[in-house]
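Notes follow the structure.
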Amino acid sequence: MSSSRTPNREDGWVLVSAIVLMAIMLTVGLASFAFVDTGQKRSAESRERESSLSLAEASLYAQGFALTRNWPNPKVPLGSDCSSATAVTATTLYCPDRDTLAKASSGNASVAQLSSLDFDANSTWTTQVRDNYGALKASYDPTLANATLTENGVSCPSTPCRMDFNEDRQLWVSAKAIVRGKPRSIVARLKLEQLRESVPQAGVVAGALDVTNNGNKLMVDGSGSSIIVRCSPLTSSSCMDYDAGKGQLTPAPASTPSQPNFMTPAQLERFKARAKTDGTYFAAGQCPANAAQLTGAVVWVEQCSTSYANIGPYSSPCVMPDNDLSTNCINPTTKPGLLIWHCGTIRFTASSTFYGIMYLVNNSDGTCASFPAKTGGCPTAAVYESGGGSGVAGALVADGGGCVLIGSNSLNMKYDSNVFNSVTSYGTVGLVQNTWRELKAGS
C-alpha cells in the first residue's frame, strides 16, 4: 500500500518573527548607542568644566606669584588687568606669564604647564586685582569691582582700584577661564607676607666716630644700647675723637673690630626688592630731592653722594621726647623708616630729625664698582655727617670702616629700640584662609 505526504504550508511566520526580532535588537542597540554617546558628551563637558576650573586656579596663583615682586601701592599702582591675549612686557611684570599656563595661548608650548587636549585650543583666561577697600572690604562683589571704592569719605585715587590703597597688604584677585566654551570664575583674597629680619641692635655702629663739635653737652645718647666702633685703639683720633670730659657720648664707646655688618648681602637684596616694590628705590644718579622722598618704610638710594639743607616738606606727627632733637621729622614718629644708603655719602646741614634707622652700607656687599668702600678712619672715611641741628632718632649704622662725623651743636642721635620692630622685608604672597570661592559663571 502506498502513501504520500502533503507538503507543509509556507505562511511566512518565520520571516516575520526574524524581522520583528531584528527590529527589537536594532532598537535596543540604538538606544544603547544613544545612552553611551550622551554619557560621553556629559563626561567631556564635565572634563572641560574641570579643565576650565584648573586654568582659573592656575591663573589666580600665577597672579599671586607675579604680585610677590610687584605689589601695587599708591606710588606704583597696576596699569591694567591681565589676560592670555597679551604677553608680559617690561611694563606689565605684575601679570602672569601666559607662556607657562595654557598651551593654546602660550608662545612656547614646551613650557606650558596645562598642555592636555582640552588646552590645545579655545582656552583663555583673565585676572583682576582689586583692593579690599570700601564696598569690597568684607567680601568681593564682581558688580562693584570696577566702581570707585570709598571708605569714610576717602576714595581710592584710581578707578578701578588696582592698588593696596589701605596698605593692609591684602588684595582681592579674581580669575576667569574659558576652556572650549565652558567658563569658570573664582576669587580669593591674597596677602603679602612680611618677614622680620634679624639685625644687630645698637644705637651707633661705625668704623670710626668723630665728634667735631666742642660743646659741653650730650651729642650722642645711646642709653639702653651701645656705641660700637670697629677701629682700634680708641685713643687714636682717627678712630674715636671726642671729649670724654664734656659728657658728649653715653654710654662709653667700645671697640669691637669683629662687629658684623648690619645686613648680609642676601638681606640687602631683599630690602632692595622691597624698595622697588614700594616705589622708594632710587637708581644710581637719582638722589632723593627732599624729605618726602627720604620718607618710607624702606628707602634705598643707589650710588649717591649729596648734602641736604632745608628739605621739607616734613612728616607729621613729629613728637620728640627730647627738646634737643628737631621737630622737622623725616618719617612720622608713628612709622619709623629704614634709609639704606647703599654706596656714597650723605650730609645733613639743617634742622631735621630722621626717625628710624639710618644705614650707610658703604659698599659692604662689594657691588658698587664706582664707589669703593671707605676705610682709614675719620675724617677720611666719612660716609655720614650731621650739622646745623640735624640728627637721628632711632639708630645710626655704617658698615665696614665707614666714619660717622657728629658736628651739630645739639643732640645728634638718640637711641629708640622701637625702630627695629619695622625691619621687615617682603616674603611670598599667600591665600587668606576661607576667602576662596567660585563666582557665578561669566562674572
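Within each chain, counting starts at residue 1; across the C-alpha cells, chains are named A, B, ... in the order shown, with ligands numbered 1 upward in that order.
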
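Proximity to Ser52 in chain A at 10 Å, evaluated using only C-alpha atoms and with sequence-adjacent residues fewer than 6 positions away removed, yields Ser46, Ala58, Asp118, Phe119, Ser123, Thr124, Trp125, Lys176, Ala177, Ile178, Val179, Arg180, Gly181, Lys182, Pro183, Arg184 and Ser185 of chain A.
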
Taking all heavy atoms for each residue, export the selection above as a compact mmCIF listing (two decimals), in the first residue's frame.
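Output file out_17.txt is given in full below:
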# COMPACT_ATOMS: atom_id res chain seq x y z
N SER A 46 31.95 67.66 31.50
CA SER A 46 32.43 67.72 32.88
C SER A 46 33.95 67.91 32.92
O SER A 46 34.47 68.69 33.71
CB SER A 46 32.04 66.44 33.62
OG SER A 46 32.56 66.44 34.93
N ALA A 58 45.02 78.12 38.24
CA ALA A 58 46.42 78.34 37.85
C ALA A 58 46.67 79.82 37.58
O ALA A 58 47.71 80.37 37.95
CB ALA A 58 46.76 77.51 36.62
N ASP A 118 42.43 69.39 26.17
CA ASP A 118 41.47 70.47 26.38
C ASP A 118 42.10 71.85 26.20
O ASP A 118 41.40 72.81 25.86
CB ASP A 118 40.87 70.38 27.79
CG ASP A 118 39.89 69.24 27.92
OD1 ASP A 118 39.42 68.74 26.88
OD2 ASP A 118 39.62 68.83 29.06
N PHE A 119 43.41 71.94 26.42
CA PHE A 119 44.07 73.25 26.37
C PHE A 119 44.78 73.51 25.04
O PHE A 119 45.51 74.49 24.91
CB PHE A 119 45.08 73.36 27.52
CG PHE A 119 44.48 73.16 28.88
CD1 PHE A 119 44.69 71.99 29.59
CD2 PHE A 119 43.67 74.13 29.43
CE1 PHE A 119 44.14 71.80 30.83
CE2 PHE A 119 43.09 73.96 30.68
CZ PHE A 119 43.32 72.78 31.38
N SER A 123 41.26 78.19 24.74
CA SER A 123 41.50 78.30 26.18
C SER A 123 42.01 79.71 26.49
O SER A 123 43.10 80.07 26.06
CB SER A 123 42.51 77.26 26.66
OG SER A 123 42.04 75.95 26.41
N THR A 124 41.24 80.48 27.24
CA THR A 124 41.62 81.86 27.57
C THR A 124 41.43 82.10 29.07
O THR A 124 40.68 81.38 29.73
CB THR A 124 40.78 82.88 26.79
OG1 THR A 124 39.39 82.72 27.14
CG2 THR A 124 40.95 82.69 25.29
N TRP A 125 42.12 83.12 29.58
CA TRP A 125 41.97 83.49 30.99
C TRP A 125 42.16 84.99 31.16
O TRP A 125 42.81 85.65 30.35
CB TRP A 125 42.97 82.74 31.87
CG TRP A 125 44.41 82.90 31.46
CD1 TRP A 125 45.14 82.08 30.68
CD2 TRP A 125 45.27 84.00 31.79
NE1 TRP A 125 46.41 82.57 30.49
CE2 TRP A 125 46.52 83.75 31.17
CE3 TRP A 125 45.13 85.15 32.55
CZ2 TRP A 125 47.60 84.62 31.28
CZ3 TRP A 125 46.21 86.03 32.67
CH2 TRP A 125 47.42 85.75 32.05
N LYS A 176 39.15 84.42 35.73
CA LYS A 176 38.13 83.80 34.90
C LYS A 176 38.80 83.05 33.77
O LYS A 176 39.69 83.58 33.10
CB LYS A 176 37.18 84.86 34.32
CG LYS A 176 36.14 84.31 33.37
CD LYS A 176 35.25 85.41 32.81
CE LYS A 176 34.24 84.86 31.82
NZ LYS A 176 33.39 85.94 31.25
N ALA A 177 38.40 81.80 33.57
CA ALA A 177 38.94 80.99 32.49
C ALA A 177 37.80 80.42 31.65
O ALA A 177 36.71 80.13 32.17
CB ALA A 177 39.80 79.85 33.04
N ILE A 178 38.05 80.29 30.36
CA ILE A 178 37.08 79.67 29.44
C ILE A 178 37.83 78.61 28.64
O ILE A 178 38.77 78.92 27.91
CB ILE A 178 36.45 80.70 28.49
CG1 ILE A 178 35.76 81.82 29.27
CG2 ILE A 178 35.46 80.01 27.55
CD1 ILE A 178 35.18 82.92 28.40
N VAL A 179 37.43 77.37 28.81
CA VAL A 179 38.02 76.26 28.08
C VAL A 179 36.94 75.60 27.23
O VAL A 179 35.95 75.10 27.76
CB VAL A 179 38.66 75.23 29.04
CG1 VAL A 179 39.15 74.00 28.27
CG2 VAL A 179 39.80 75.86 29.81
N ARG A 180 37.10 75.67 25.92
CA ARG A 180 36.13 75.09 24.96
C ARG A 180 34.70 75.54 25.28
O ARG A 180 33.75 74.74 25.29
CB ARG A 180 36.24 73.57 24.94
CG ARG A 180 37.60 73.07 24.48
CD ARG A 180 37.69 71.57 24.38
NE ARG A 180 39.01 71.18 23.94
CZ ARG A 180 39.41 71.07 22.67
NH1 ARG A 180 38.55 71.35 21.71
NH2 ARG A 180 40.64 70.69 22.37
N GLY A 181 34.56 76.84 25.57
CA GLY A 181 33.25 77.43 25.79
C GLY A 181 32.70 77.27 27.18
O GLY A 181 31.59 77.73 27.46
N LYS A 182 33.47 76.65 28.09
CA LYS A 182 32.98 76.42 29.45
C LYS A 182 33.65 77.42 30.40
O LYS A 182 34.84 77.30 30.71
CB LYS A 182 33.29 75.00 29.91
CG LYS A 182 32.81 73.90 28.97
CD LYS A 182 31.30 73.95 28.78
CE LYS A 182 30.81 72.73 28.01
NZ LYS A 182 31.34 72.71 26.62
N PRO A 183 32.92 78.45 30.89
CA PRO A 183 33.53 79.47 31.77
C PRO A 183 33.51 79.05 33.24
O PRO A 183 32.56 78.42 33.70
CB PRO A 183 32.63 80.69 31.54
CG PRO A 183 31.28 80.09 31.24
CD PRO A 183 31.53 78.79 30.52
N ARG A 184 34.57 79.39 33.95
CA ARG A 184 34.62 79.24 35.40
C ARG A 184 35.30 80.48 35.97
O ARG A 184 36.32 80.94 35.44
CB ARG A 184 35.40 77.98 35.83
CG ARG A 184 34.83 76.67 35.32
CD ARG A 184 33.50 76.30 35.95
NE ARG A 184 33.61 75.91 37.35
CZ ARG A 184 33.81 74.66 37.78
NH1 ARG A 184 33.99 73.68 36.90
NH2 ARG A 184 33.84 74.40 39.08
N SER A 185 34.76 81.02 37.05
CA SER A 185 35.31 82.23 37.67
C SER A 185 35.50 82.00 39.16
O SER A 185 34.61 81.46 39.82
CB SER A 185 34.37 83.43 37.45
OG SER A 185 34.23 83.71 36.08

Long-range neighbours of Asn73 in chain A as a VMD selection string, 10 Å cut-off, only C-alpha atoms, 5 positions minimum in chain: chain A and resid 78 131 162 to 167 169 277 to 279

Export of prior selection with N, CA, C and O atoms as a short mmCIF file (atom, residue, chain, number, x, y, z; two decimals), in the first residue's frame:
data_model
loop_
_atom_site.label_atom_id
_atom_site.label_comp_id
_atom_site.auth_asym_id
_atom_site.auth_seq_id
_atom_site.Cartn_x
_atom_site.Cartn_y
_atom_site.Cartn_z
N LEU A 78 48.89 99.19 39.65
CA LEU A 78 48.88 98.38 38.44
C LEU A 78 48.25 99.18 37.30
O LEU A 78 47.29 99.91 37.51
N ASP A 131 41.60 96.27 45.48
CA ASP A 131 41.86 96.42 46.92
C ASP A 131 40.64 95.98 47.73
O ASP A 131 39.49 96.11 47.27
N ARG A 162 43.26 99.39 41.50
CA ARG A 162 44.24 98.31 41.31
C ARG A 162 45.49 98.56 42.16
O ARG A 162 46.61 98.58 41.67
N MET A 163 45.30 98.76 43.45
CA MET A 163 46.42 99.03 44.35
C MET A 163 46.03 98.69 45.77
O MET A 163 44.84 98.58 46.09
N ASP A 164 47.02 98.52 46.63
CA ASP A 164 46.77 98.30 48.05
C ASP A 164 46.64 99.67 48.71
O ASP A 164 47.52 100.12 49.44
N PHE A 165 45.50 100.32 48.47
CA PHE A 165 45.32 101.69 48.92
C PHE A 165 45.27 101.79 50.44
O PHE A 165 45.79 102.74 51.03
N ASN A 166 44.64 100.81 51.11
CA ASN A 166 44.56 100.87 52.57
C ASN A 166 45.80 100.31 53.24
O ASN A 166 45.89 100.28 54.47
N GLU A 167 46.78 99.86 52.46
CA GLU A 167 48.09 99.43 52.95
C GLU A 167 48.00 98.35 54.02
O GLU A 167 48.78 98.34 54.99
N ARG A 169 48.27 95.18 53.07
CA ARG A 169 48.97 94.09 52.38
C ARG A 169 48.02 92.96 51.99
O ARG A 169 48.40 91.80 51.94
N THR A 277 59.52 97.47 44.98
CA THR A 277 58.08 97.21 45.03
C THR A 277 57.32 98.41 45.57
O THR A 277 56.26 98.78 45.07
N ASP A 278 57.88 99.05 46.61
CA ASP A 278 57.20 100.18 47.26
C ASP A 278 57.33 101.48 46.47
O ASP A 278 56.70 102.49 46.83
N GLY A 279 58.15 101.48 45.42
CA GLY A 279 58.36 102.72 44.67
C GLY A 279 59.27 103.69 45.39
O GLY A 279 59.22 104.90 45.15
#

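Considering the residues A:Phe371, A:Tyr415, A:Tyr242, A:Phe262 and counting only C-alpha atoms, Met320 in chain A has its shortest atom-to-atom contact with A:Tyr415.
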
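Nearest residue to Met358 in chain A among A:Ala254, A:Ala381, A:Leu431, A:Val204 is A:Val204, counting only C-alpha atoms.
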
Residue nearest Gln259 in chain A - candidates A:Leu234, A:Glu197, A:Val397, A:Gly366, atoms counted: only C-alpha atoms: A:Val397

Selection: 10 Å around Pro317 in chain A, only C-alpha atoms, excl. self and same-chain fewer than 6 positions, as number ranges by chain: A: 327-329, 331-335

For the residues in that selection, give me N, CA, C and O atoms as a PDB file, in the first residue's frame.
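Result saved to result.pdb:
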ATOM      1  N   THR A 327      61.965 119.066  65.533  1.00  0.00           N
ATOM      2  CA  THR A 327      60.621 118.548  65.249  1.00  0.00           C
ATOM      3  C   THR A 327      60.288 118.640  63.763  1.00  0.00           C
ATOM      4  O   THR A 327      59.118 118.572  63.389  1.00  0.00           O
ATOM      5  N   ASN A 328      61.316 118.807  62.942  1.00  0.00           N
ATOM      6  CA  ASN A 328      61.152 118.644  61.489  1.00  0.00           C
ATOM      7  C   ASN A 328      61.506 117.197  61.164  1.00  0.00           C
ATOM      8  O   ASN A 328      62.666 116.846  60.988  1.00  0.00           O
ATOM      9  N   CYS A 329      60.485 116.338  61.138  1.00  0.00           N
ATOM     10  CA  CYS A 329      60.726 114.898  61.057  1.00  0.00           C
ATOM     11  C   CYS A 329      60.751 114.376  59.616  1.00  0.00           C
ATOM     12  O   CYS A 329      59.913 114.749  58.786  1.00  0.00           O
ATOM     13  N   ASN A 331      59.997 110.970  58.288  1.00  0.00           N
ATOM     14  CA  ASN A 331      59.188 109.847  58.781  1.00  0.00           C
ATOM     15  C   ASN A 331      58.420 110.297  60.018  1.00  0.00           C
ATOM     16  O   ASN A 331      58.987 110.912  60.930  1.00  0.00           O
ATOM     17  N   PRO A 332      57.121 110.021  60.057  1.00  0.00           N
ATOM     18  CA  PRO A 332      56.340 110.327  61.256  1.00  0.00           C
ATOM     19  C   PRO A 332      56.810 109.454  62.406  1.00  0.00           C
ATOM     20  O   PRO A 332      57.284 108.338  62.211  1.00  0.00           O
ATOM     21  N   THR A 333      56.677 109.939  63.613  1.00  0.00           N
ATOM     22  CA  THR A 333      57.146 109.179  64.771  1.00  0.00           C
ATOM     23  C   THR A 333      56.233 108.007  65.111  1.00  0.00           C
ATOM     24  O   THR A 333      56.473 107.303  66.098  1.00  0.00           O
ATOM     25  N   THR A 334      55.214 107.787  64.311  1.00  0.00           N
ATOM     26  CA  THR A 334      54.383 106.582  64.436  1.00  0.00           C
ATOM     27  C   THR A 334      54.807 105.514  63.436  1.00  0.00           C
ATOM     28  O   THR A 334      54.376 104.366  63.536  1.00  0.00           O
ATOM     29  N   LYS A 335      55.651 105.883  62.455  1.00  0.00           N
ATOM     30  CA  LYS A 335      56.079 104.943  61.418  1.00  0.00           C
ATOM     31  C   LYS A 335      57.573 105.125  61.120  1.00  0.00           C
ATOM     32  O   LYS A 335      57.943 105.894  60.229  1.00  0.00           O
TER      33      LYS A 335
END

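Checking A:Asp210, A:Val76, A:Glu48, A:Val419 one by one against Pro157 in chain A, counting only C-alpha atoms, you find the shortest gap at A:Val76.
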
All strand (DSSP E or B) positions in range 193-437 of chain A, as a ChimeraX atom specification: /A:193-196,204-206,208-211,220-221,227-229,240-241,249-250,254-255,281-282,298-301,306-308,315,329-330,337-341,346-348,352-360,382-386,390-398,403-406,413-415,424-431,437

For Asn214 in chain A, find every residue with an atom within 10 Å (counting only C-alpha atoms), except residues of its own chain fewer than 4 positions away, and show them as an mmCIF file with N, CA, C and O atoms, in the first residue's frame.
data_model
loop_
_atom_site.group_PDB
_atom_site.id
_atom_site.type_symbol
_atom_site.label_atom_id
_atom_site.label_comp_id
_atom_site.auth_asym_id
_atom_site.auth_seq_id
_atom_site.Cartn_x
_atom_site.Cartn_y
_atom_site.Cartn_z
ATOM 1 N N MET A 219 75.936 114.733 72.937
ATOM 2 C CA MET A 219 75.782 114.749 71.480
ATOM 3 C C MET A 219 75.166 113.446 70.953
ATOM 4 O O MET A 219 74.381 113.455 70.014
ATOM 5 N N TYR A 242 86.543 112.433 70.562
ATOM 6 C CA TYR A 242 85.514 113.177 71.293
ATOM 7 C C TYR A 242 86.101 113.589 72.631
ATOM 8 O O TYR A 242 87.166 113.104 73.048
ATOM 9 N N ASP A 243 85.426 114.468 73.341
ATOM 10 C CA ASP A 243 85.893 114.953 74.626
ATOM 11 C C ASP A 243 85.121 114.239 75.727
ATOM 12 O O ASP A 243 83.971 114.576 76.027
ATOM 13 N N LYS A 246 83.426 116.155 78.652
ATOM 14 C CA LYS A 246 82.271 117.032 78.445
ATOM 15 C C LYS A 246 80.955 116.267 78.332
ATOM 16 O O LYS A 246 79.917 116.849 78.012
ATOM 17 N N GLN A 248 79.912 114.064 76.129
ATOM 18 C CA GLN A 248 79.342 114.125 74.780
ATOM 19 C C GLN A 248 78.714 112.805 74.336
ATOM 20 O O GLN A 248 77.828 112.810 73.465
ATOM 21 N N GLY A 407 78.642 116.721 64.081
ATOM 22 C CA GLY A 407 79.085 118.100 64.123
ATOM 23 C C GLY A 407 78.057 119.093 64.571
ATOM 24 O O GLY A 407 78.353 120.268 64.730
ATOM 25 N N SER A 408 76.829 118.665 64.765
ATOM 26 C CA SER A 408 75.788 119.603 65.166
ATOM 27 C C SER A 408 76.029 120.114 66.581
ATOM 28 O O SER A 408 76.722 119.485 67.379
ATOM 29 N N ASN A 409 75.421 121.263 66.897
ATOM 30 C CA ASN A 409 75.621 121.860 68.221
ATOM 31 C C ASN A 409 74.550 121.421 69.222
ATOM 32 O O ASN A 409 74.332 122.074 70.238
#

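For the atom pair formed by CA of Tyr61 in chain A and CA of Ala188 in chain A, the distance is 9.7 Å, given to one decimal.
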
Neighbour list for Gly356 in chain A as number ranges by chain, cut-off 12 Å, only C-alpha atoms, skip fewer than 4 positions in-chain: A: 203, 294-299, 329-340, 391-397, 413-423

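Candidate residues A:Tyr308, A:Tyr314, A:Phe354, A:Trp71 were compared for distance to Val429 in chain A, and the nearest is A:Trp71, using only C-alpha atoms.
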
Near-Pro260 in chain A list (10 Å; only C-alpha atoms; drop same-chain fewer than 5 positions) as an MDAnalysis selection string: chainID A and resid 199:200 205 230 399:400

Residues of the last selection are to be written out with N, CA and C atoms, as a PDB file, in the first residue's frame.
ATOM      1  N   VAL A 199      68.770  91.620  62.709  1.00  0.00           N
ATOM      2  CA  VAL A 199      69.913  92.527  62.534  1.00  0.00           C
ATOM      3  C   VAL A 199      70.472  92.888  63.907  1.00  0.00           C
ATOM      4  N   PRO A 200      71.760  93.243  63.986  1.00  0.00           N
ATOM      5  CA  PRO A 200      72.328  93.670  65.264  1.00  0.00           C
ATOM      6  C   PRO A 200      71.650  94.955  65.752  1.00  0.00           C
ATOM      7  N   VAL A 205      76.713 102.168  65.349  1.00  0.00           N
ATOM      8  CA  VAL A 205      77.767 101.247  64.933  1.00  0.00           C
ATOM      9  C   VAL A 205      78.451 101.873  63.734  1.00  0.00           C
ATOM     10  N   ARG A 230      84.521  99.779  64.987  1.00  0.00           N
ATOM     11  CA  ARG A 230      85.338  98.627  64.595  1.00  0.00           C
ATOM     12  C   ARG A 230      86.839  98.930  64.658  1.00  0.00           C
ATOM     13  N   ASP A 399      78.517 100.434  57.800  1.00  0.00           N
ATOM     14  CA  ASP A 399      79.248  99.180  57.637  1.00  0.00           C
ATOM     15  C   ASP A 399      80.735  99.420  57.414  1.00  0.00           C
ATOM     16  N   GLY A 400      81.505  98.359  57.609  1.00  0.00           N
ATOM     17  CA  GLY A 400      82.933  98.403  57.307  1.00  0.00           C
ATOM     18  C   GLY A 400      83.662  99.475  58.091  1.00  0.00           C
TER      19      GLY A 400
END

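Comparing A:Leu268, A:Ala283, A:Cys95, A:Ile406 by their smallest distance to Asp365 in chain A, the closest is A:Leu268 (using only C-alpha atoms).
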
Picked from range 23-250 of chain A by DSSP as alpha helix (DSSP H), as a PyMOL selection string: chain A and resi 23-68
